[in-house]
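Structure record follows, encoded as structure tokens.
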Amino acid sequence: LRPDKQKKNFQPIHKRWIIERTFAWFDNHRRLCRIYELLIENAEEMVKVATIKHLLNKI
């Protein structure tokens with residue numbers, strides 16, 4: 001067990017949490033959780049589609 005004097009307050013990095021949350025949203029889409037696309041352009045378009053779908057669900 002660690003002594004109490006070594007405890008530090010956890011301070012998350014704000015921007016990192018935003019990025020990690022965004023990647024978690026992308027993992028909810030089947031075509032984005034694995035590398036299915038052969039062309040990088042198709043993968044970029046699928047990210048755009050997933051983002052639009054997520055934003056529409058927020059309305």
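We name chains A, B, ... following the order of the structure tokens; residues begin at 1 in each chain, and ligands are numbered from 1 as shown.
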
Alpha helix (DSSP H) call set, DSSP backbone run, chain A, as JSON, numbers by chain: {"A": [14, 15, 16, 17, 18, 19, 20, 21, 22, 23, 24, 25, 26, 27, 30, 31, 32, 33, 40, 41, 42, 43, 44, 45, 46, 47, 48, 49, 50, 51, 52, 53, 54, 55, 56, 57, 58]}

Export C-alpha atoms of the chosen residues as a CSV table (one decimal), in the first residue's frame?
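The result, stored in again13.csv:
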chain,number,residue,atom,x,y,z
A,14,HIS,CA,-8.5,19.2,-20.8
A,15,LYS,CA,-7.7,18.9,-24.5
A,16,ARG,CA,-6.7,15.3,-24.2
A,17,TRP,CA,-10.1,14.4,-22.7
A,18,ILE,CA,-11.8,16.1,-25.7
A,19,ILE,CA,-9.8,14.0,-28.2
A,20,GLU,CA,-10.3,10.8,-26.3
A,21,ARG,CA,-14.0,11.4,-26.1
A,22,THR,CA,-14.2,12.0,-29.9
A,23,PHE,CA,-12.3,8.8,-30.6
A,24,ALA,CA,-14.7,6.9,-28.4
A,25,TRP,CA,-17.6,8.3,-30.4
A,26,PHE,CA,-16.0,7.1,-33.6
A,27,ASP,CA,-15.5,3.6,-32.1
A,30,ARG,CA,-18.8,-0.1,-37.3
A,31,ARG,CA,-16.7,1.1,-40.2
A,32,LEU,CA,-14.5,3.3,-38.1
A,33,CYS,CA,-13.6,0.8,-35.3
A,40,ILE,CA,-7.6,7.2,-47.2
A,41,GLU,CA,-10.2,9.4,-48.9
A,42,ASN,CA,-12.9,6.9,-48.1
A,43,ALA,CA,-11.9,6.7,-44.5
A,44,GLU,CA,-11.9,10.5,-44.2
A,45,GLU,CA,-15.4,10.6,-45.7
A,46,MET,CA,-16.6,8.0,-43.2
A,47,VAL,CA,-15.3,10.2,-40.3
A,48,LYS,CA,-17.3,13.1,-41.7
A,49,VAL,CA,-20.4,11.0,-42.0
A,50,ALA,CA,-20.0,9.8,-38.4
A,51,THR,CA,-19.5,13.3,-37.2
A,52,ILE,CA,-22.6,14.5,-39.0
A,53,LYS,CA,-24.6,11.6,-37.7
A,54,HIS,CA,-23.4,12.4,-34.1
A,55,LEU,CA,-24.3,16.1,-34.5
A,56,LEU,CA,-27.7,15.3,-35.9
A,57,ASN,CA,-28.5,13.0,-32.9
A,58,LYS,CA,-27.7,15.9,-30.6
